[in-house]
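For reference, target_6.cif (mmCIF, C-alpha atoms and all ligand atoms):
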```
data_target
loop_
_atom_site.label_atom_id
_atom_site.label_comp_id
_atom_site.auth_asym_id
_atom_site.auth_seq_id
_atom_site.Cartn_x
_atom_site.Cartn_y
_atom_site.Cartn_z
CA MET A 29 81.21 109.35 118.77
CA GLY A 30 84.05 111.84 118.66
CA PHE A 31 85.77 113.32 115.66
CA PHE A 32 87.19 109.95 114.83
CA SER A 33 85.93 106.55 115.68
CA LEU A 34 87.84 104.75 118.38
CA THR A 35 87.27 101.43 116.73
CA HIS A 36 89.67 100.38 114.04
CA GLU A 37 88.89 97.35 111.95
CA LEU A 38 91.26 95.27 109.87
CA ALA A 39 90.52 92.42 107.48
CA ILE A 40 93.64 90.32 107.00
CA ASP A 41 94.30 87.60 104.43
CA LEU A 42 97.21 85.63 105.76
CA GLY A 43 98.09 83.77 102.57
CA THR A 44 100.96 81.41 101.90
CA ALA A 45 102.18 83.64 99.08
CA ASN A 46 100.72 87.07 99.85
CA THR A 47 99.37 88.88 102.88
CA LEU A 48 96.71 91.51 102.26
CA ILE A 49 95.10 93.89 104.72
CA VAL A 50 91.98 95.98 104.20
CA TYR A 51 91.42 99.01 106.43
CA ASN A 52 88.43 101.32 105.90
CA ASP A 53 87.46 99.32 102.81
CA GLU A 54 90.79 99.95 101.15
CA VAL A 55 93.60 97.51 100.50
CA VAL A 56 96.43 99.08 102.49
CA VAL A 57 98.83 96.13 102.54
CA GLU A 58 99.47 93.77 99.65
CA GLU A 59 102.84 92.14 100.11
CA PRO A 60 104.53 88.77 99.72
CA SER A 61 104.34 86.67 102.91
CA VAL A 62 108.09 86.77 103.44
CA ILE A 63 110.40 88.13 106.09
CA ALA A 64 114.17 88.46 106.25
CA VAL A 65 115.92 88.02 109.58
CA ASP A 66 119.52 88.24 110.70
CA ARG A 67 121.45 85.57 112.57
CA GLN A 68 119.99 86.70 115.89
CA GLY A 69 116.47 86.35 114.50
CA LYS A 70 115.95 90.10 114.33
CA LEU A 71 113.55 91.30 111.65
CA LYS A 72 115.43 93.03 108.81
CA ALA A 73 112.78 93.30 106.12
CA TYR A 74 109.34 92.00 105.25
CA GLY A 75 107.02 91.83 102.28
CA HIS A 76 108.31 93.15 98.97
CA ASP A 77 111.62 94.19 100.49
CA ALA A 78 112.26 90.73 101.90
CA ALA A 79 111.10 89.03 98.69
CA ARG A 80 113.88 90.83 96.84
CA TYR A 81 116.38 89.02 99.08
CA ILE A 82 115.16 85.53 98.14
CA GLY A 83 118.01 83.51 96.68
CA LYS A 84 120.46 86.38 97.24
CA CYS A 85 121.22 86.31 100.97
CA PRO A 86 124.73 86.33 102.38
CA ASP A 87 125.47 84.13 105.40
CA HIS A 88 124.25 86.51 108.06
CA LEU A 89 120.76 86.93 106.60
CA HIS A 90 118.03 84.56 105.58
CA THR A 91 114.48 84.77 104.31
CA ILE A 92 111.53 82.91 105.79
CA ARG A 93 108.12 82.23 104.35
CA PRO A 94 106.13 81.83 107.57
CA LEU A 95 103.29 79.99 105.83
CA GLN A 96 104.13 76.98 103.75
CA ASN A 97 102.12 74.23 102.09
CA GLY A 98 98.98 75.82 103.40
CA VAL A 99 99.97 75.66 107.05
CA ILE A 100 101.47 78.15 109.43
CA ALA A 101 104.96 76.72 109.48
CA ASP A 102 106.69 79.29 111.68
CA PHE A 103 104.68 81.00 114.42
CA ASP A 104 107.35 83.50 115.45
CA ALA A 105 107.95 84.55 111.87
CA THR A 106 104.21 84.94 111.32
CA GLU A 107 104.00 87.25 114.30
CA LEU A 108 106.98 89.34 113.19
CA MET A 109 105.47 89.67 109.75
CA LEU A 110 101.98 90.61 110.99
CA LYS A 111 103.35 93.17 113.43
CA GLY A 112 105.55 94.70 110.77
CA MET A 113 102.76 94.98 108.24
CA ILE A 114 100.18 96.28 110.71
CA SER A 115 102.58 98.88 112.07
CA ARG A 116 102.94 100.37 108.61
CA ILE A 117 99.22 101.13 108.22
CA LYS A 118 98.47 104.83 108.49
CA THR A 119 95.41 105.37 110.63
CA THR A 120 93.56 108.20 112.23
CA GLY A 121 94.76 107.92 115.80
CA SER A 122 96.66 105.01 117.23
CA LEU A 123 95.98 101.48 116.04
CA PHE A 124 96.58 100.45 119.61
CA SER A 125 93.21 101.93 120.47
CA PRO A 126 91.02 100.20 123.03
CA SER A 127 89.11 98.47 120.29
CA LEU A 128 91.06 97.11 117.36
CA LYS A 129 88.90 94.51 115.64
CA MET A 130 90.38 91.99 113.26
CA VAL A 131 89.10 89.21 111.09
CA ILE A 132 91.93 87.06 109.81
CA CYS A 133 91.65 84.53 107.02
CA ILE A 134 93.69 81.41 107.66
CA PRO A 135 94.37 78.28 105.60
CA SER A 136 91.56 75.80 106.13
CA GLY A 137 94.03 73.09 107.10
CA SER A 138 95.00 75.07 110.20
CA THR A 139 95.06 73.09 113.43
CA ASN A 140 93.81 74.39 116.77
CA VAL A 141 97.39 75.04 117.79
CA GLU A 142 97.94 77.14 114.68
CA ILE A 143 94.68 78.99 115.17
CA ARG A 144 95.68 79.81 118.73
CA ALA A 145 99.10 80.97 117.59
CA VAL A 146 97.59 83.33 115.01
CA ARG A 147 95.21 84.70 117.61
CA GLU A 148 98.09 85.38 119.99
CA SER A 149 100.12 87.03 117.25
CA ALA A 150 97.15 89.21 116.36
CA GLU A 151 96.70 90.18 120.01
CA HIS A 152 100.39 91.00 120.33
CA ALA A 153 99.93 93.20 117.27
CA GLY A 154 97.18 95.11 119.10
CA GLY A 155 94.05 93.10 118.26
CA ARG A 156 91.37 93.30 120.96
CA GLU A 157 88.57 91.44 119.21
CA VAL A 158 89.92 88.81 116.87
CA ALA A 159 87.98 86.32 114.78
CA MET A 160 89.20 83.90 112.15
CA ILE A 161 87.66 82.80 108.88
CA LEU A 162 88.62 79.79 106.79
CA GLU A 163 89.96 80.47 103.34
CA PRO A 164 87.25 78.84 101.17
CA MET A 165 84.56 80.76 103.04
CA ALA A 166 86.37 84.06 102.59
CA ALA A 167 87.06 83.31 98.93
CA ALA A 168 83.39 82.52 98.33
CA LEU A 169 82.27 85.75 100.03
CA GLY A 170 84.83 87.67 98.00
CA ALA A 171 83.59 86.08 94.79
CA GLY A 172 80.18 87.54 95.64
CA LEU A 173 78.50 84.26 96.55
CA ASP A 174 75.67 84.03 99.04
CA VAL A 175 77.25 81.59 101.46
CA ILE A 176 74.27 81.67 103.84
CA ALA A 177 71.68 80.54 101.28
CA PRO A 178 70.50 76.91 101.17
CA GLU A 179 72.25 76.67 97.83
CA GLY A 180 75.36 74.84 96.69
CA ASN A 181 78.12 77.32 95.86
CA MET A 182 81.42 76.03 94.69
CA ILE A 183 84.75 77.80 94.96
CA ILE A 184 88.29 76.83 94.02
CA ASP A 185 90.99 79.00 95.56
CA ILE A 186 94.39 78.38 94.00
CA GLY A 187 97.01 80.10 96.12
CA GLY A 188 100.75 79.67 96.52
CA GLY A 189 100.86 76.63 98.79
CA THR A 190 97.48 74.99 98.38
CA SER A 191 94.48 74.73 96.15
CA GLU A 192 91.30 74.53 98.15
CA ILE A 193 88.18 73.16 96.54
CA ALA A 194 84.98 73.60 98.50
CA CYS A 195 81.24 73.49 98.18
CA ILE A 196 79.44 75.79 100.59
CA SER A 197 75.81 75.89 101.64
CA LEU A 198 73.93 77.38 104.62
CA GLY A 199 77.01 79.09 106.01
CA GLY A 200 79.09 75.92 106.17
CA ILE A 201 81.59 73.98 104.11
CA VAL A 202 79.81 70.82 102.95
CA CYS A 203 82.44 69.17 100.75
CA TYR A 204 86.04 70.06 100.70
CA LYS A 205 89.47 69.07 99.50
CA SER A 206 92.81 70.75 99.83
CA ILE A 207 95.83 69.73 97.77
CA ASN A 208 99.41 70.92 97.84
CA ILE A 209 99.37 71.55 94.11
CA ALA A 210 99.27 75.31 93.63
CA GLY A 211 101.38 78.29 92.56
CA ASP A 212 104.63 77.15 94.21
CA VAL A 213 104.47 73.77 92.51
CA PHE A 214 103.68 75.38 89.14
CA THR A 215 106.73 77.58 89.58
CA SER A 216 108.96 74.63 90.35
CA ASP A 217 107.50 72.67 87.41
CA ILE A 218 108.58 75.51 85.15
CA LYS A 219 112.02 75.71 86.69
CA ASN A 220 112.54 71.97 86.14
CA TYR A 221 111.17 72.11 82.63
CA VAL A 222 113.52 74.90 81.54
CA ARG A 223 116.44 73.05 83.02
CA GLN A 224 115.57 69.73 81.42
CA GLN A 225 114.37 70.91 78.01
CA HIS A 226 116.58 73.94 77.48
CA ASN A 227 119.52 73.20 79.75
CA ILE A 228 119.19 76.56 81.44
CA ARG A 229 119.30 77.06 85.15
CA ILE A 230 116.78 79.63 86.38
CA GLY A 231 115.77 80.77 89.86
CA GLU A 232 112.39 80.90 91.51
CA ARG A 233 111.76 84.51 90.57
CA THR A 234 112.39 83.94 86.88
CA ALA A 235 110.24 80.80 86.90
CA GLU A 236 107.45 82.76 88.57
CA LEU A 237 107.73 85.51 85.99
CA ILE A 238 107.37 82.92 83.21
CA LYS A 239 104.31 81.51 84.96
CA CYS A 240 102.63 84.88 85.33
CA LYS A 241 103.37 86.00 81.76
CA ILE A 242 102.83 82.85 79.74
CA GLY A 243 101.52 80.25 82.20
CA ALA A 244 98.78 78.29 80.45
CA ALA A 245 96.55 75.34 81.25
CA LEU A 246 95.90 74.38 77.64
CA PRO A 247 98.34 73.93 74.73
CA GLU A 248 95.97 75.91 72.53
CA LEU A 249 94.39 79.08 73.83
CA GLU A 250 91.68 81.25 72.34
CA PRO A 251 93.33 83.77 69.96
CA ASP A 252 92.58 86.75 72.20
CA GLU A 253 94.23 85.03 75.16
CA VAL A 254 97.52 84.11 73.51
CA PRO A 255 100.45 85.82 75.25
CA GLU A 256 103.60 86.92 73.49
CA ASP A 257 106.60 84.61 73.59
CA LEU A 258 109.03 85.33 76.38
CA SER A 259 112.84 85.38 76.26
CA ILE A 260 114.70 84.35 79.37
CA SER A 261 118.36 83.95 80.20
CA GLY A 262 120.42 81.99 82.64
CA PRO A 263 123.57 79.93 82.91
CA SER A 264 123.74 76.85 80.72
CA VAL A 265 123.66 73.64 82.71
CA LEU A 266 126.29 72.24 80.34
CA THR A 267 128.76 75.08 79.92
CA SER A 268 127.82 77.52 82.71
CA LEU A 269 127.91 80.27 80.07
CA PRO A 270 124.97 82.63 79.72
CA GLN A 271 122.28 81.36 77.40
CA THR A 272 118.97 82.76 76.19
CA VAL A 273 115.86 80.92 75.06
CA THR A 274 112.46 82.04 73.82
CA LEU A 275 109.54 80.24 75.42
CA ASN A 276 105.94 80.02 74.27
CA TYR A 277 102.84 79.30 76.31
CA SER A 278 102.23 75.85 74.82
CA GLU A 279 105.51 74.65 76.27
CA ILE A 280 104.51 75.95 79.66
CA ALA A 281 101.14 74.21 79.39
CA TYR A 282 103.12 71.05 78.78
CA ALA A 283 105.36 71.75 81.78
CA LEU A 284 102.29 72.25 84.01
CA GLU A 285 100.29 69.32 82.67
CA ASP A 286 101.08 66.80 85.43
CA SER A 287 100.26 69.22 88.21
CA LEU A 288 97.13 70.53 86.52
CA SER A 289 95.86 67.01 85.98
CA LYS A 290 96.15 66.48 89.75
CA LEU A 291 93.98 69.54 90.20
CA ASP A 292 91.46 68.10 87.70
CA GLN A 293 91.40 64.87 89.69
CA ALA A 294 90.88 66.60 93.03
CA LEU A 295 88.00 68.55 91.54
CA MET A 296 86.45 65.38 90.15
CA ALA A 297 86.77 63.73 93.56
CA VAL A 298 84.87 66.57 95.23
CA LEU A 299 82.17 66.48 92.55
CA THR A 300 81.83 62.72 92.92
CA ASP A 301 81.27 62.98 96.68
CA MET A 302 78.89 65.91 96.47
CA PRO A 303 75.27 65.38 97.54
CA ALA A 304 73.01 65.37 94.46
CA GLU A 305 70.98 68.45 95.42
CA LEU A 306 74.12 70.54 95.76
CA TYR A 307 75.50 69.16 92.53
CA THR A 308 72.37 70.37 90.75
CA ASP A 309 72.97 73.85 92.18
CA VAL A 310 76.57 73.80 91.01
CA VAL A 311 75.48 72.85 87.50
CA LYS A 312 73.17 75.85 87.55
CA ASN A 313 75.52 78.36 89.24
CA GLY A 314 78.89 77.26 87.94
CA VAL A 315 82.15 77.14 89.86
CA TYR A 316 84.15 80.22 90.93
CA LEU A 317 87.92 80.45 90.71
CA ALA A 318 89.91 82.67 93.06
CA GLY A 319 93.54 83.13 94.12
CA GLY A 320 96.53 83.89 91.92
CA GLY A 321 96.28 80.50 90.20
CA ALA A 322 92.95 81.56 88.69
CA LEU A 323 95.00 83.82 86.41
CA ILE A 324 96.63 80.91 84.59
CA LYS A 325 95.49 81.32 81.05
CA GLY A 326 92.91 78.82 79.85
CA LEU A 327 92.35 77.30 83.28
CA ALA A 328 88.62 78.01 83.35
CA LYS A 329 88.25 76.51 79.88
CA ARG A 330 90.33 73.47 80.77
CA LEU A 331 88.24 72.72 83.87
CA SER A 332 85.07 73.33 81.94
CA ASP A 333 86.15 70.90 79.21
CA LYS A 334 86.94 68.26 81.85
CA THR A 335 83.73 68.58 83.87
CA GLY A 336 81.09 70.09 81.61
CA LEU A 337 80.44 72.75 84.28
CA GLN A 338 80.69 76.50 83.84
CA PHE A 339 83.65 78.24 85.44
CA HIS A 340 83.86 81.91 86.38
CA ILE A 341 86.94 83.79 87.49
CA ALA A 342 86.26 85.96 90.54
CA GLU A 343 86.84 89.65 90.01
CA ASP A 344 90.45 90.55 90.84
CA PRO A 345 91.12 86.98 92.04
CA LEU A 346 94.26 87.84 94.04
CA ARG A 347 92.13 90.10 96.24
CA ALA A 348 89.01 87.94 96.47
CA VAL A 349 89.93 86.45 99.84
CA VAL A 350 90.69 89.75 101.55
CA ARG A 351 87.51 91.23 100.07
CA GLY A 352 85.55 88.32 101.52
CA THR A 353 87.34 88.68 104.84
CA ASN A 354 86.30 92.33 104.89
CA ILE A 355 82.68 91.33 104.27
CA ALA A 356 82.97 88.95 107.22
CA LEU A 357 84.38 91.78 109.34
CA LYS A 358 81.34 93.90 108.57
CA ASN A 359 79.04 91.02 109.53
CA MET A 360 80.99 89.79 112.51
CA ASP A 361 77.88 89.49 114.69
CA ARG A 362 75.86 87.72 112.05
CA TYR A 363 78.19 85.06 110.67
CA SER A 364 78.30 82.03 112.90
CA PHE A 365 81.05 80.41 110.84
CA LEU A 366 83.66 82.82 112.20
CA ILE A 367 86.08 81.18 114.61
CA ARG A 368 86.26 83.16 117.81
CA ALA A 369 88.04 81.00 120.34
N1 LIG B 1 99.12 86.10 86.44
C1 LIG B 1 99.37 85.00 87.13
N2 LIG B 1 99.37 83.80 86.53
C2 LIG B 1 99.64 82.68 87.23
N3 LIG B 1 99.90 82.64 88.54
C3 LIG B 1 99.90 83.82 89.20
C4 LIG B 1 99.64 85.05 88.54
N4 LIG B 1 99.72 86.05 89.47
C5 LIG B 1 100.03 85.46 90.63
N5 LIG B 1 100.15 84.12 90.48
C6 LIG B 1 100.52 83.13 91.49
O1 LIG B 1 99.52 83.06 92.47
C7 LIG B 1 100.11 82.67 93.72
C8 LIG B 1 99.68 83.63 94.79
O2 LIG B 1 98.29 83.64 94.87
P1 LIG B 1 97.57 84.05 96.23
O3 LIG B 1 96.13 83.84 96.01
O4 LIG B 1 98.04 85.41 96.65
O5 LIG B 1 98.19 82.94 97.21
P2 LIG B 1 98.05 82.76 98.77
O6 LIG B 1 96.59 82.89 99.08
O7 LIG B 1 98.58 81.39 99.04
O8 LIG B 1 98.86 83.83 99.41
C9 LIG B 1 101.61 82.70 93.53
O9 LIG B 1 102.08 81.37 93.37
C10 LIG B 1 101.77 83.51 92.27
O10 LIG B 1 102.93 83.14 91.56
MG MG B 2 94.84 83.04 99.52
#
```
Could you render the structure as structure tokens?
Amino acid sequence: MGFFSLTHELAIDLGTANTLIVYNDEVVVEEPSVIAVDRQGKLKAYGHDAARYIGKCPDHLHTIRPLQNGVIADFDATELMLKGMISRIKTTGSLFSPSLKMVICIPSGSTNVEIRAVRESAEHAGGREVAMILEPMAAALGAGLDVIAPEGNMIIDIGGGTSEIACISLGGIVCYKSINIAGDVFTSDIKNYVRQQHNIRIGERTAELIKCKIGAALPELEPDEVPEDLSISGPSVLTSLPQTVTLNYSEIAYALEDSLSKLDQALMAVLTDMPAELYTDVVKNGVYLAGGGALIKGLAKRLSDKTGLQFHIAEDPLRAVVRGTNIALKNMDRYSFLIRA
């Protein structure tokens, strides 16, 4: 051991909406999974900077979300993004040290081709020892669950592209379902609703803002959960003149109802297929919610009303996966569920 350790270790959550990196137990990157490239494919911006370009690009620029619908849609873009984000981390000594370890969380629908592509990207970004972890496992670890125990632990991770519902026991995923109903769909539900009900055209960023401020899963929330009404503006669909409307959360609950009921159904399907012993554990332990979608107001109560189970929101749900990935990094030699090849 010298004055500084030669081994650097990174835990990376490669999410469809956000990429997070933990280095030395601290979140050092937390940025939207977006890049902007020019016509020649040269990287112009990534993360927050690139997200500001969405919907505003002139001809010679465009934005790419490398991960979409829970799969790695664009390998080259993923690599550009990872390299860019990793290069920005301030470390003691060079990150290109002989031993850069990484554990990367990937969507559980990833194919072998995608897994190989992520590994190569990570190696091109300096990774010498690279392991992968599937999202539900990382989310469960991050929610503080004992994934190794012979005990049914259930986790629902609602991200941007997918919602992943899984029951974990003995270090493995026993029952599992992934649906493409998640944050992106909620955002587009809101966009469509505002257009149809209020005749106002809004963009993705405004719709997302509405979701985060007043997005609700129930038309009636507990009094302490009720958010303030929100005024938004945009061009009228009818006259193209600017128009403003004030929205309340109950309307948004209505706008999200169809999508949320698909989430209810997916959850019911997993519960129906679950072995009885595990089901008994889930009744006792409850179900944990992680990912940005866990922040939709009233979601835990809605799911609890539908299933009779208890629901808990993981601490800081947007960071649960990267926290879990970091736990996996620390236990790299012990956790056999890590994907190494
Ligand atoms: N307060 C909030 N209420 C509702 N949705 C939110 C909130 N904060 C973030 N989100 C949504 O959560 C999603 C991102 O969650 P995240 O877990 O980072 O996704 P991913 O793992 O796919 O990258 C986005 O669709 C974002 O709009
Ligand atoms: Mg995620």
Handout entry: atom CA of Val222 of chain A to atom CA of Gln96 of chain A, distance in Å rounded to a single decimal
Key =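 Taking atom CA of Val222 of chain A as the start and atom CA of Gln96 of chain A as the end point, the length is 24.2 Å.
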Neighbours of ligand MG 2 (chain B) at 9 Å or closer, counting all atoms listed in the file: which residues, as an mmCIF file with C-alpha atoms, in the frame of the given file?
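What landed in part02.cif:
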```
data_model
loop_
_atom_site.group_PDB
_atom_site.id
_atom_site.type_symbol
_atom_site.label_atom_id
_atom_site.label_comp_id
_atom_site.auth_asym_id
_atom_site.auth_seq_id
_atom_site.Cartn_x
_atom_site.Cartn_y
_atom_site.Cartn_z
ATOM 1 C CA ASP A 41 94.300 87.600 104.430
ATOM 2 C CA LEU A 42 97.210 85.630 105.760
ATOM 3 C CA GLY A 43 98.090 83.770 102.570
ATOM 4 C CA THR A 44 100.960 81.410 101.900
ATOM 5 C CA ALA A 45 102.180 83.640 99.080
ATOM 6 C CA ASN A 46 100.720 87.070 99.850
ATOM 7 C CA THR A 47 99.370 88.880 102.880
ATOM 8 C CA CYS A 133 91.650 84.530 107.020
ATOM 9 C CA ILE A 134 93.690 81.410 107.660
ATOM 10 C CA PRO A 135 94.370 78.280 105.600
ATOM 11 C CA GLU A 163 89.960 80.470 103.340
ATOM 12 C CA PRO A 164 87.250 78.840 101.170
ATOM 13 C CA ALA A 167 87.060 83.310 98.930
ATOM 14 C CA ASP A 185 90.990 79.000 95.560
ATOM 15 C CA ILE A 186 94.390 78.380 94.000
ATOM 16 C CA GLY A 187 97.010 80.100 96.120
ATOM 17 C CA GLY A 188 100.750 79.670 96.520
ATOM 18 C CA GLY A 189 100.860 76.630 98.790
ATOM 19 C CA THR A 190 97.480 74.990 98.380
ATOM 20 C CA SER A 191 94.480 74.730 96.150
ATOM 21 C CA ALA A 318 89.910 82.670 93.060
ATOM 22 C CA GLY A 319 93.540 83.130 94.120
ATOM 23 C CA GLY A 320 96.530 83.890 91.920
ATOM 24 C CA LEU A 346 94.260 87.840 94.040
ATOM 25 C CA ARG A 347 92.130 90.100 96.240
ATOM 26 C CA ALA A 348 89.010 87.940 96.470
ATOM 27 C CA VAL A 349 89.930 86.450 99.840
ATOM 28 C CA VAL A 350 90.690 89.750 101.550
#
```
Exercise for the section: Write out as a ChimeraX atom specification each polymer residue whose atoms come within 9 Å of Ser264 of chain A, counting all atoms listed in the file; drop sequence neighbours fewer than 4 positions from it. Expected result: /A:223,226-229,268-272
Problem - Counting all atoms listed in the file, the option among A:Ala244, A:Ile341, A:Ala64, A:Met302 closest to Ile82 of chain A - result: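 Between A:Ala244, A:Ile341, A:Ala64, A:Met302, the residue approaching Ile82 of chain A most closely is A:Ala64.
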Handout entry: Å distance separating atom CA of Asn52 of chain A from atom CA of Gly98 of chain A, one decimal place
Key = 27.7 Å
Exercise for the section: Please provide the set of residues having any atom within 10 Å of Arg233 of chain A, restricted to only C-alpha atoms, with same-chain residues fewer than 6 positions apart removed, written as a PyMOL selection string. Expected result: chain A and resi 79-80+82-83+215+219+239
Problem - 9 Å contact set for Val315 of chain A, all atoms listed in the file, chain neighbours under 6 positions out, as a list in words - result: Asn181, Met182, Ile183, Ile184, Leu337, Gln338, Phe339, His340 and Ile341 of chain A
Those residues you just picked out, can you put them in a file as an mmCIF file, in the coordinates of the input with C-alpha atoms?
```cif
data_model
loop_
_atom_site.group_PDB
_atom_site.id
_atom_site.type_symbol
_atom_site.label_atom_id
_atom_site.label_comp_id
_atom_site.auth_asym_id
_atom_site.auth_seq_id
_atom_site.Cartn_x
_atom_site.Cartn_y
_atom_site.Cartn_z
ATOM 1 C CA ASN A 181 78.120 77.320 95.860
ATOM 2 C CA MET A 182 81.420 76.030 94.690
ATOM 3 C CA ILE A 183 84.750 77.800 94.960
ATOM 4 C CA ILE A 184 88.290 76.830 94.020
ATOM 5 C CA LEU A 337 80.440 72.750 84.280
ATOM 6 C CA GLN A 338 80.690 76.500 83.840
ATOM 7 C CA PHE A 339 83.650 78.240 85.440
ATOM 8 C CA HIS A 340 83.860 81.910 86.380
ATOM 9 C CA ILE A 341 86.940 83.790 87.490
#
```
Practice task
Pick out the closest residue to Val273 of chain A from this set: A:Ser259, A:Ala245, A:Tyr307, A:Asp66. Count only C-alpha atoms.
Solution key: A:Ser259
Practice task
Report the distance between atom CA of Met160 of chain A and atom N2 of ligand LIG 1 (chain B) in Å, rounded to one decimal place.
Solution key: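 Taking atom CA of Met160 of chain A as the start and atom N2 of ligand LIG 1 (chain B) as the end point, the length is 27.6 Å.
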